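Have a look at the structure below before the remarks.
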Amino acid sequence: MAILEVRDLEVNYGLIKAIKGVSFEVNEGEIVALIGANGAGKTTIMHAVSGLLPKAAGKVTLFGKDVSSTPAHKLVYQGMAQVPEGRRIFQELTVFENLQMGYYSVKNKGGFEDKLREIYKSFPILEERKNQIAGTLSGGEQQMLAMSRALMSSPKLLLLDEPSMGLSPLYVNTIFEMIKKVNSMGTTVLLVEQNAKKTLSIADRAYVLEIGKMVKTGTGEELLNDEEIKKAYLGG
Amino acid sequence: MDFLITLVNGLSLGGIYAMIALGYTMVYGIAKMLNFAHGDIIMVGGYAILVFLSVNPILAIVFSVLFCIGLGIAVEKAAYKPLRGASPLAVLITAIGVSYFLQSLAQIIFGASPKYVIIADLGSLVIGEVSISYGTIITLACSIVIMIALTLFVKLTKTGRAMIAVSEDKDAARLMGVNIDHIIMITFAIGSALASLAGLFSLLRVPTIMPTYGALPGIKAFTAAVIGGIGSIPGAMLGGILLGVVECVCNSIPTVAPYTMAIEFAILIVILLVKPTGILGKKRREKV
C-alpha cells in the first residue's frame, strides 16, 4: 500500500520551473530512493513534500489523506519526519535538548524516557555527549543526532535528505547501516542521495531524477545493473 | 556611600532598560525583525495605568499589562504577519509606521501635554545621610526576579526551547512540529508584558507621561540590546544594566553629566567596532 503518493508535482523558484511534473510513490515498509546529480531537484522535491516549499501544482497524499496544502509543522503529527539536508540540528542546544525538540510533537509525555533510552541504545555516542552543545559535535555525530531527533517522534515515514553528504567514508557506512536498521524496525524510508551506488544497494526501489523530471525507475538492483545509470552515476 | 547609591540607581534604571531590551532582542531573534514600535508599548502601558489609577492602582497595573499583551499580539497580527517573507526594509518601515500610529492615537485620546501618573507614594529608605527611594529598590528587585524567571522559562519549558529552536533555524523547528506563528505570538506577548512593566517602573522614577514617552527609552533599550548582542537574551540583560549604570554614574558627575547620552551611544559605536555581534552575540554561519 502506498503511504506517500506524489502526483504531477511542480515547484517553481520565481519564474524558474525547478520541478516539472514529478510523480512517485512510497509503499509501506520500503526504502525508496531519489537519485540524481547536483541540481536535479531532489531536495526541492523533499521540501515540497514536507511543506517547507510551496507547490505550484500537483497532489501529495500521505496515509490516504491529501496533504498538498498542509503546513510543514502539522505533518510530523501525521507520522512523517524529515532529516533535512545539511543536518540542521539546533547548534546552540545540547544533544539532549535537540532530542527533546524531536519529541516536541508527541503528546504522550511519559513515553519520552523510553524513547530516549531506545535512541541511546542505537547511538551510544549521543548518550556520552548528551550535555554537549550540539554545534561542537563532529559531522558524523551531528548526522546521527539529526536522524535520532527525527526518530524521537516515532515516525512511520522517514524522509532523509543527503544523509551521507560531507561525511568520512567510515561514517557513510555507519549511516547507511543505520538506515537499513531503522527500516528493518518498521519505518518506511524515502531517501535522497548523491551517493548512487550505496543508495541503490540498500533501496527497494529508486527513481532517477534529471533537471526536474523523473527519467527512470526500477528496483535498486535493476538500476545498479543499468548501463546508462552505470555510466552517468556509478562511474562507468 | 554616594557611589553605592548611584550604583543602585543605575542598576535599577538598567533593570528597566533590560526589560525593554529583552522585548527587542526576543522579537529580533524569533521574528527576525526590528520592532521599532516596541518603545511605544511602554507609553501605551503608562496611559493604560492612568485609565484605572483612580479606581485602584493594582487593578490599573494588571489592566496595563493585559492591555499591552493584547496590543502587542494585535499589532503583530495586523501589521507584521501579513509581511512575513517580505523584505526586511518593508517590515522596518511598517514598524516605524506603527510607532507613529500609536503616538498619534495617544495624542488624540490623551492630548499632547504631559500628564502626572502618581501610582503610589512609596517614600524613601534613609540610611544615615543618604536616601534611596523604595521605587528604585522595588524596580531593581522586580527586574532581577523577572530576568531570572524569563531565563528559566526559556531554558526549562517546552515553549522556551521551541523559541530558541525557532530563533536558530525556523524550517528545522517547523519539521519538529513547531507552529512558528504561535511562537511569534507568544514572543510578542512576553515582550509587550515586559514593556508595560518597564513603563510602570519608569513612572515610579519620573511620574509624568506624554505621547512620545516611549521613544527615548525605546532607543536606549535598543542600543542596550545591540551592545549586548541582538538576539541574545543574556546579552539584552547585560547591555541594559550596563547602559543604566553608565547613565547614572555619568549623571552623578557634574562635569560629565551633559555628555551622558553622547557617552552611551559612543559605547555602542566602540563595541560595534571591536565586536560587531555585540558582547554576547554569536556569529552565525549563514547556511544556504
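In the C-alpha cells, each chain is lettered A, B, ... as it comes, each chain's residues begin at 1, and ligands are numbered from 1 in order of appearance.
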| Mind listing as number ranges by chain which residues of chain B are within 9 Å of chain A, counting only C-alpha atoms? | B: 158, 161-162, 164-165, 168-169, 171-180, 287
Could you please take those selected residues and save N, CA, C and O atoms as a PDB file, in the first residue's frame?
```
ATOM      1  N   LYS B 158       9.013  23.683  27.409  1.00  0.00           N
ATOM      2  CA  LYS B 158       8.940  23.214  26.029  1.00  0.00           C
ATOM      3  C   LYS B 158       8.812  24.405  25.071  1.00  0.00           C
ATOM      4  O   LYS B 158       9.488  24.471  24.045  1.00  0.00           O
ATOM      5  N   ARG B 161      12.154  26.268  24.813  1.00  0.00           N
ATOM      6  CA  ARG B 161      13.095  25.558  23.944  1.00  0.00           C
ATOM      7  C   ARG B 161      12.720  25.766  22.479  1.00  0.00           C
ATOM      8  O   ARG B 161      13.569  25.974  21.630  1.00  0.00           O
ATOM      9  N   ALA B 162      11.413  25.714  22.228  1.00  0.00           N
ATOM     10  CA  ALA B 162      10.954  25.930  20.857  1.00  0.00           C
ATOM     11  C   ALA B 162      11.337  27.331  20.388  1.00  0.00           C
ATOM     12  O   ALA B 162      11.674  27.538  19.224  1.00  0.00           O
ATOM     13  N   ILE B 164      14.036  29.052  21.259  1.00  0.00           N
ATOM     14  CA  ILE B 164      15.452  29.027  20.864  1.00  0.00           C
ATOM     15  C   ILE B 164      15.593  28.325  19.513  1.00  0.00           C
ATOM     16  O   ILE B 164      16.322  28.782  18.632  1.00  0.00           O
ATOM     17  N   ALA B 165      14.874  27.219  19.363  1.00  0.00           N
ATOM     18  CA  ALA B 165      14.961  26.454  18.116  1.00  0.00           C
ATOM     19  C   ALA B 165      14.511  27.316  16.939  1.00  0.00           C
ATOM     20  O   ALA B 165      15.175  27.354  15.899  1.00  0.00           O
ATOM     21  N   GLU B 168      17.000  29.894  15.946  1.00  0.00           N
ATOM     22  CA  GLU B 168      18.181  29.380  15.252  1.00  0.00           C
ATOM     23  C   GLU B 168      17.873  28.884  13.842  1.00  0.00           C
ATOM     24  O   GLU B 168      18.629  29.145  12.906  1.00  0.00           O
ATOM     25  N   ASP B 169      16.794  28.149  13.682  1.00  0.00           N
ATOM     26  CA  ASP B 169      16.501  27.553  12.376  1.00  0.00           C
ATOM     27  C   ASP B 169      14.997  27.305  12.268  1.00  0.00           C
ATOM     28  O   ASP B 169      14.479  26.316  12.762  1.00  0.00           O
ATOM     29  N   ASP B 171      12.985  26.564   9.724  1.00  0.00           N
ATOM     30  CA  ASP B 171      12.498  25.395   8.994  1.00  0.00           C
ATOM     31  C   ASP B 171      12.708  24.111   9.782  1.00  0.00           C
ATOM     32  O   ASP B 171      11.832  23.247   9.821  1.00  0.00           O
ATOM     33  N   ALA B 172      13.880  23.987  10.406  1.00  0.00           N
ATOM     34  CA  ALA B 172      14.127  22.786  11.201  1.00  0.00           C
ATOM     35  C   ALA B 172      13.111  22.711  12.338  1.00  0.00           C
ATOM     36  O   ALA B 172      12.601  21.640  12.651  1.00  0.00           O
ATOM     37  N   ALA B 173      12.788  23.856  12.936  1.00  0.00           N
ATOM     38  CA  ALA B 173      11.806  23.867  14.015  1.00  0.00           C
ATOM     39  C   ALA B 173      10.427  23.449  13.496  1.00  0.00           C
ATOM     40  O   ALA B 173       9.704  22.699  14.156  1.00  0.00           O
ATOM     41  N   ARG B 174      10.094  23.910  12.292  1.00  0.00           N
ATOM     42  CA  ARG B 174       8.800  23.512  11.711  1.00  0.00           C
ATOM     43  C   ARG B 174       8.744  22.005  11.530  1.00  0.00           C
ATOM     44  O   ARG B 174       7.708  21.375  11.749  1.00  0.00           O
ATOM     45  N   LEU B 175       9.871  21.422  11.099  1.00  0.00           N
ATOM     46  CA  LEU B 175       9.894  19.974  10.897  1.00  0.00           C
ATOM     47  C   LEU B 175       9.702  19.214  12.209  1.00  0.00           C
ATOM     48  O   LEU B 175       9.289  18.058  12.208  1.00  0.00           O
ATOM     49  N   MET B 176      10.000  19.868  13.333  1.00  0.00           N
ATOM     50  CA  MET B 176       9.773  19.227  14.637  1.00  0.00           C
ATOM     51  C   MET B 176       8.307  19.347  15.057  1.00  0.00           C
ATOM     52  O   MET B 176       7.913  18.821  16.096  1.00  0.00           O
ATOM     53  N   GLY B 177       7.532  20.119  14.289  1.00  0.00           N
ATOM     54  CA  GLY B 177       6.127  20.297  14.648  1.00  0.00           C
ATOM     55  C   GLY B 177       5.849  21.621  15.339  1.00  0.00           C
ATOM     56  O   GLY B 177       4.774  21.826  15.896  1.00  0.00           O
ATOM     57  N   VAL B 178       6.832  22.533  15.323  1.00  0.00           N
ATOM     58  CA  VAL B 178       6.633  23.822  15.984  1.00  0.00           C
ATOM     59  C   VAL B 178       5.857  24.763  15.057  1.00  0.00           C
ATOM     60  O   VAL B 178       6.248  24.963  13.912  1.00  0.00           O
ATOM     61  N   ASN B 179       4.772  25.313  15.584  1.00  0.00           N
ATOM     62  CA  ASN B 179       3.987  26.282  14.833  1.00  0.00           C
ATOM     63  C   ASN B 179       4.629  27.667  15.010  1.00  0.00           C
ATOM     64  O   ASN B 179       4.537  28.280  16.068  1.00  0.00           O
ATOM     65  N   ILE B 180       5.302  28.132  13.958  1.00  0.00           N
ATOM     66  CA  ILE B 180       6.090  29.363  14.058  1.00  0.00           C
ATOM     67  C   ILE B 180       5.201  30.556  14.439  1.00  0.00           C
ATOM     68  O   ILE B 180       5.578  31.366  15.280  1.00  0.00           O
ATOM     69  N   LYS B 287      23.699  29.643   6.344  1.00  0.00           N
ATOM     70  CA  LYS B 287      23.607  28.387   5.602  1.00  0.00           C
ATOM     71  C   LYS B 287      22.779  28.588   4.340  1.00  0.00           C
ATOM     72  O   LYS B 287      21.844  29.370   4.336  1.00  0.00           O
TER      73      LYS B 287
END
```
| Quick one: residues within 10 Å of region 168-184 of chain A, only C-alpha atoms counted, chain neighbours fewer than 5 positions away excluded, as number ranges by chain? | A: 29-31, 122-123, 139-141, 143-144, 147, 151, 156-158, 160, 163, 189, 191, 195, 198-199, 201-203
Produce a file of the selected residues containing N, CA, C and O atoms, as a JSON list (two decimals), in the first residue's frame.
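Written output follows (out18.json):
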```
[["chain", "number", "residue", "atom", "x", "y", "z"],
["A", 29, "GLY", "N", 6.87, 0.04, 4.35],
["A", 29, "GLY", "CA", 7.97, -0.87, 4.60],
["A", 29, "GLY", "C", 9.15, -0.74, 3.66],
["A", 29, "GLY", "O", 10.19, -1.36, 3.87],
["A", 30, "GLU", "N", 9.01, 0.05, 2.62],
["A", 30, "GLU", "CA", 10.07, 0.15, 1.62],
["A", 30, "GLU", "C", 11.17, 1.14, 2.02],
["A", 30, "GLU", "O", 10.97, 2.01, 2.87],
["A", 31, "ILE", "N", 12.31, 0.98, 1.33],
["A", 31, "ILE", "CA", 13.27, 2.08, 1.24],
["A", 31, "ILE", "C", 13.21, 2.53, -0.21],
["A", 31, "ILE", "O", 13.53, 1.76, -1.13],
["A", 122, "SER", "N", 20.75, 2.71, 20.33],
["A", 122, "SER", "CA", 21.21, 2.66, 18.94],
["A", 122, "SER", "C", 22.41, 3.56, 18.70],
["A", 122, "SER", "O", 23.26, 3.27, 17.88],
["A", 123, "PHE", "N", 22.45, 4.67, 19.40],
["A", 123, "PHE", "CA", 23.54, 5.64, 19.20],
["A", 123, "PHE", "C", 24.19, 5.97, 20.55],
["A", 123, "PHE", "O", 23.97, 7.04, 21.11],
["A", 139, "GLY", "N", 30.86, 16.06, 12.23],
["A", 139, "GLY", "CA", 29.84, 15.95, 11.20],
["A", 139, "GLY", "C", 29.04, 14.66, 11.29],
["A", 139, "GLY", "O", 27.82, 14.65, 11.21],
["A", 140, "GLY", "N", 29.75, 13.54, 11.49],
["A", 140, "GLY", "CA", 29.08, 12.24, 11.57],
["A", 140, "GLY", "C", 28.17, 12.16, 12.77],
["A", 140, "GLY", "O", 27.04, 11.65, 12.70],
["A", 141, "GLU", "N", 28.66, 12.70, 13.90],
["A", 141, "GLU", "CA", 27.84, 12.68, 15.12],
["A", 141, "GLU", "C", 26.61, 13.56, 14.95],
["A", 141, "GLU", "O", 25.53, 13.23, 15.42],
["A", 143, "GLN", "N", 25.06, 14.10, 12.16],
["A", 143, "GLN", "CA", 24.12, 13.37, 11.32],
["A", 143, "GLN", "C", 23.34, 12.34, 12.14],
["A", 143, "GLN", "O", 22.15, 12.17, 11.96],
["A", 144, "MET", "N", 24.06, 11.68, 13.05],
["A", 144, "MET", "CA", 23.38, 10.71, 13.92],
["A", 144, "MET", "C", 22.35, 11.42, 14.78],
["A", 144, "MET", "O", 21.25, 10.91, 15.00],
["A", 147, "MET", "N", 19.33, 12.32, 12.71],
["A", 147, "MET", "CA", 18.47, 11.15, 12.50],
["A", 147, "MET", "C", 17.72, 10.79, 13.77],
["A", 147, "MET", "O", 16.53, 10.52, 13.75],
["A", 151, "LEU", "N", 13.78, 10.53, 14.68],
["A", 151, "LEU", "CA", 13.20, 9.26, 15.16],
["A", 151, "LEU", "C", 12.48, 9.40, 16.49],
["A", 151, "LEU", "O", 11.67, 8.55, 16.86],
["A", 156, "LYS", "N", 6.27, 6.97, 11.05],
["A", 156, "LYS", "CA", 6.04, 5.79, 10.23],
["A", 156, "LYS", "C", 6.77, 5.96, 8.91],
["A", 156, "LYS", "O", 7.14, 4.99, 8.26],
["A", 157, "LEU", "N", 6.96, 7.20, 8.50],
["A", 157, "LEU", "CA", 7.69, 7.51, 7.27],
["A", 157, "LEU", "C", 8.80, 8.51, 7.59],
["A", 157, "LEU", "O", 8.55, 9.56, 8.17],
["A", 158, "LEU", "N", 10.03, 8.13, 7.20],
["A", 158, "LEU", "CA", 11.18, 8.99, 7.47],
["A", 158, "LEU", "C", 11.75, 9.48, 6.15],
["A", 158, "LEU", "O", 12.08, 8.69, 5.27],
["A", 160, "LEU", "N", 14.84, 11.24, 4.37],
["A", 160, "LEU", "CA", 16.25, 11.52, 4.63],
["A", 160, "LEU", "C", 16.84, 12.25, 3.43],
["A", 160, "LEU", "O", 16.83, 11.73, 2.32],
["A", 163, "PRO", "N", 21.84, 12.17, 3.59],
["A", 163, "PRO", "CA", 22.43, 11.90, 4.91],
["A", 163, "PRO", "C", 23.94, 11.66, 4.86],
["A", 163, "PRO", "O", 24.61, 11.84, 5.87],
["A", 189, "VAL", "N", 11.18, 4.39, 4.51],
["A", 189, "VAL", "CA", 12.19, 5.43, 4.29],
["A", 189, "VAL", "C", 12.12, 5.96, 2.86],
["A", 189, "VAL", "O", 12.06, 5.19, 1.90],
["A", 191, "LEU", "N", 14.56, 8.22, 0.65],
["A", 191, "LEU", "CA", 15.96, 8.64, 0.76],
["A", 191, "LEU", "C", 16.37, 9.41, -0.49],
["A", 191, "LEU", "O", 16.16, 8.96, -1.61],
["A", 195, "ASN", "N", 25.09, 9.79, -3.45],
["A", 195, "ASN", "CA", 25.90, 8.58, -3.44],
["A", 195, "ASN", "C", 25.04, 7.43, -4.01],
["A", 195, "ASN", "O", 24.46, 6.64, -3.28],
["A", 198, "LYS", "N", 25.86, 3.35, -3.18],
["A", 198, "LYS", "CA", 25.46, 2.89, -1.85],
["A", 198, "LYS", "C", 23.94, 2.91, -1.72],
["A", 198, "LYS", "O", 23.35, 2.00, -1.15],
["A", 199, "THR", "N", 23.34, 3.95, -2.26],
["A", 199, "THR", "CA", 21.90, 4.10, -2.12],
["A", 199, "THR", "C", 21.17, 2.98, -2.83],
["A", 199, "THR", "O", 20.27, 2.35, -2.27],
["A", 201, "SER", "N", 22.20, 0.12, -3.50],
["A", 201, "SER", "CA", 22.43, -1.19, -2.89],
["A", 201, "SER", "C", 21.52, -1.44, -1.70],
["A", 201, "SER", "O", 21.32, -2.58, -1.30],
["A", 202, "ILE", "N", 20.98, -0.39, -1.09],
["A", 202, "ILE", "CA", 20.06, -0.65, 0.03],
["A", 202, "ILE", "C", 18.60, -0.37, -0.34],
["A", 202, "ILE", "O", 17.69, -0.73, 0.41],
["A", 203, "ALA", "N", 18.36, 0.28, -1.50],
["A", 203, "ALA", "CA", 16.99, 0.69, -1.82],
["A", 203, "ALA", "C", 16.17, -0.44, -2.41],
["A", 203, "ALA", "O", 16.68, -1.24, -3.20]]
```
| query | Neighbours of Gly21 (chain A) within 9 Å (only C-alpha atoms; same-chain residues fewer than 2 positions away dropped), as a list in words? | reply | Arg7, Asp8, Leu9, Glu10, Val11, Ile19, Ser23, Ala57, Gly58, Gly212, Lys213 and Met214 of chain A
| note | A straight line from CA of Gly239 (chain B) to CA of Gln103 (chain B) spans 26.3 Å
| said: Considering only C-alpha atoms, can you say which of B:Tyr24, B:Phe52, B:Tyr47, B:Phe201 comes closest to Tyr213 (chain B)? | reply: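 Smallest distance to Tyr213 (chain B) is found for B:Tyr47.
Excluding Val27 (chain B) itself and same-chain residues fewer than 5 positions from it, the residues having an atom within 8 Å of it are B:Lys32, B:Met33, B:Leu34, B:Asn35, B:Ile184, B:Thr187, B:Phe188, B:Gly191, B:Gly231, counting only C-alpha atoms.
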Same residues, N, CA and C atoms, output as a PDB file, in the first residue's frame:
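Resulting contents of result.pdb:
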```pdb
ATOM      1  N   LYS B  32      12.927  37.767  13.432  1.00  0.00           N
ATOM      2  CA  LYS B  32      13.956  38.370  12.576  1.00  0.00           C
ATOM      3  C   LYS B  32      13.550  39.769  12.099  1.00  0.00           C
ATOM      4  N   MET B  33      12.981  40.544  13.006  1.00  0.00           N
ATOM      5  CA  MET B  33      12.634  41.917  12.635  1.00  0.00           C
ATOM      6  C   MET B  33      12.944  42.861  13.786  1.00  0.00           C
ATOM      7  N   LEU B  34      13.201  44.128  13.459  1.00  0.00           N
ATOM      8  CA  LEU B  34      13.388  45.147  14.488  1.00  0.00           C
ATOM      9  C   LEU B  34      12.048  45.829  14.689  1.00  0.00           C
ATOM     10  N   ASN B  35      11.482  45.625  15.858  1.00  0.00           N
ATOM     11  CA  ASN B  35      10.159  46.169  16.129  1.00  0.00           C
ATOM     12  C   ASN B  35      10.299  47.564  16.735  1.00  0.00           C
ATOM     13  N   ILE B 184       5.814  33.099  17.539  1.00  0.00           N
ATOM     14  CA  ILE B 184       5.986  34.542  17.348  1.00  0.00           C
ATOM     15  C   ILE B 184       4.970  35.308  18.194  1.00  0.00           C
ATOM     16  N   THR B 187       6.057  35.355  21.716  1.00  0.00           N
ATOM     17  CA  THR B 187       7.186  36.268  21.875  1.00  0.00           C
ATOM     18  C   THR B 187       6.709  37.711  21.984  1.00  0.00           C
ATOM     19  N   PHE B 188       5.789  38.095  21.125  1.00  0.00           N
ATOM     20  CA  PHE B 188       5.256  39.457  21.193  1.00  0.00           C
ATOM     21  C   PHE B 188       4.506  39.675  22.509  1.00  0.00           C
ATOM     22  N   GLY B 191       7.199  40.110  25.227  1.00  0.00           N
ATOM     23  CA  GLY B 191       7.878  41.390  25.032  1.00  0.00           C
ATOM     24  C   GLY B 191       6.998  42.549  25.466  1.00  0.00           C
ATOM     25  N   GLY B 231      19.510  39.488  19.746  1.00  0.00           N
ATOM     26  CA  GLY B 231      19.137  38.085  19.605  1.00  0.00           C
ATOM     27  C   GLY B 231      19.495  37.276  20.842  1.00  0.00           C
TER      28      GLY B 231
END
```
| request: Could you tell me which of B:Leu11, B:Ile132, B:Val256, B:Ala195 comes closest to Ala221 (chain B) if we count only C-alpha atoms? | output: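 For Ala221 (chain B), the nearest of the candidates is B:Ala195.
Shortest atom-to-atom contact with Gly235 (chain B) among B:Gly128, B:Pro276, B:Gly281, B:Pro254: B:Gly281, counting only C-alpha atoms.
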| request: Go through region 70-141 of chain B and collect every residue that DSSP, computed from the backbone, puts in strand (DSSP E or B); the answer should be as a ChimeraX atom specification. | output: /B:115-116,124-127,130-133
Prev. selection, C-alpha atoms, output as a PDB file, in the first residue's frame:
```
ATOM      1  CA  LYS B 115       0.157  64.087  32.467  1.00  0.00           C
ATOM      2  CA  TYR B 116       1.022  63.108  36.015  1.00  0.00           C
ATOM      3  CA  SER B 124      12.461  56.583  50.622  1.00  0.00           C
ATOM      4  CA  LEU B 125      14.797  54.398  52.575  1.00  0.00           C
ATOM      5  CA  VAL B 126      17.062  56.618  54.658  1.00  0.00           C
ATOM      6  CA  ILE B 127      20.448  55.242  55.723  1.00  0.00           C
ATOM      7  CA  VAL B 130      21.712  59.319  52.207  1.00  0.00           C
ATOM      8  CA  SER B 131      18.357  58.118  50.984  1.00  0.00           C
ATOM      9  CA  ILE B 132      17.142  55.924  48.186  1.00  0.00           C
ATOM     10  CA  SER B 133      13.563  55.674  47.032  1.00  0.00           C
TER      11      SER B 133
END
```
| task | Among the residues of region 8-121 of chain A, find those DSSP assigns to alpha helix (DSSP H) from the backbone and print them as a ChimeraX atom specification. | result | /A:42-49,72-75,95-102,112-121
| field | Polymer residues at most 6 Å from Val6 (chain A), only C-alpha atoms, same-chain spacing of 2 or more positions, as a ChimeraX atom specification | value | /A:23-25,59-60
| request: Within 8 Å of Ile230 (chain B), counting only C-alpha atoms, which residues show up once you throw out same-chain ones fewer than 3 positions away? Write them as number ranges by chain, please. | output: B: 24-25, 28-29, 225-227, 235-236, 277-278, 281
Those selected residues, please, written with N, CA and C atoms and delivered as a compact mmCIF listing (two decimals), in the first residue's frame.
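As written to disk, result27.txt reads:
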```txt
# COMPACT_ATOMS: atom_id res chain seq x y z
N TYR B 24 12.99 43.72 22.48
CA TYR B 24 13.63 43.92 21.18
C TYR B 24 14.36 42.66 20.73
N THR B 25 15.14 42.13 21.67
CA THR B 25 16.06 41.05 21.30
C THR B 25 15.30 39.76 21.02
N TYR B 28 13.56 40.15 17.70
CA TYR B 28 14.56 40.06 16.63
C TYR B 28 15.00 38.61 16.42
N GLY B 29 15.27 37.94 17.53
CA GLY B 29 15.76 36.57 17.44
C GLY B 29 14.75 35.64 16.78
N ALA B 225 20.31 46.42 23.63
CA ALA B 225 20.19 45.09 23.03
C ALA B 225 21.32 44.84 22.03
N VAL B 226 21.68 45.89 21.28
CA VAL B 226 22.74 45.74 20.29
C VAL B 226 24.09 45.61 20.99
N ILE B 227 24.29 46.40 22.05
CA ILE B 227 25.55 46.31 22.80
C ILE B 227 25.72 44.89 23.34
N GLY B 235 22.44 38.76 26.71
CA GLY B 235 23.05 39.96 26.14
C GLY B 235 22.20 41.19 26.40
N ALA B 236 20.88 41.06 26.22
CA ALA B 236 19.98 42.19 26.45
C ALA B 236 20.00 42.60 27.92
N THR B 277 29.14 41.78 16.63
CA THR B 277 27.97 40.99 17.04
C THR B 277 27.49 41.37 18.44
N GLY B 278 28.16 42.36 19.10
CA GLY B 278 27.78 42.70 20.47
C GLY B 278 28.52 41.82 21.46
N GLY B 281 26.84 38.41 21.61
CA GLY B 281 26.25 37.96 20.34
C GLY B 281 27.13 36.90 19.71
```
| field | All residues 8 Å or closer to Val8 (chain B), only C-alpha atoms, same chain fewer than 4 positions away omitted, as a list in words | value |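 In the requested form, the answer reads Leu4, Ser12, Thr136, Ile137 and Leu140 of chain B.
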| task | For CA of Pro114 (chain B) and CA of Pro258 (chain B), quote the distance in Å rounded to one decimal. | result |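 Spanning CA of Pro114 (chain B) to CA of Pro258 (chain B) is a straight-line distance of 23.5 Å.
Using only C-alpha atoms, the nearest neighbour of Ala2 (chain A) within the list A:Lys65, A:Lys115, A:Lys17, A:Lys42 is A:Lys65.
Note that the spacing between CA of Met185 (chain A) and CA of Glu222 (chain A) amounts to 25.0 Å.
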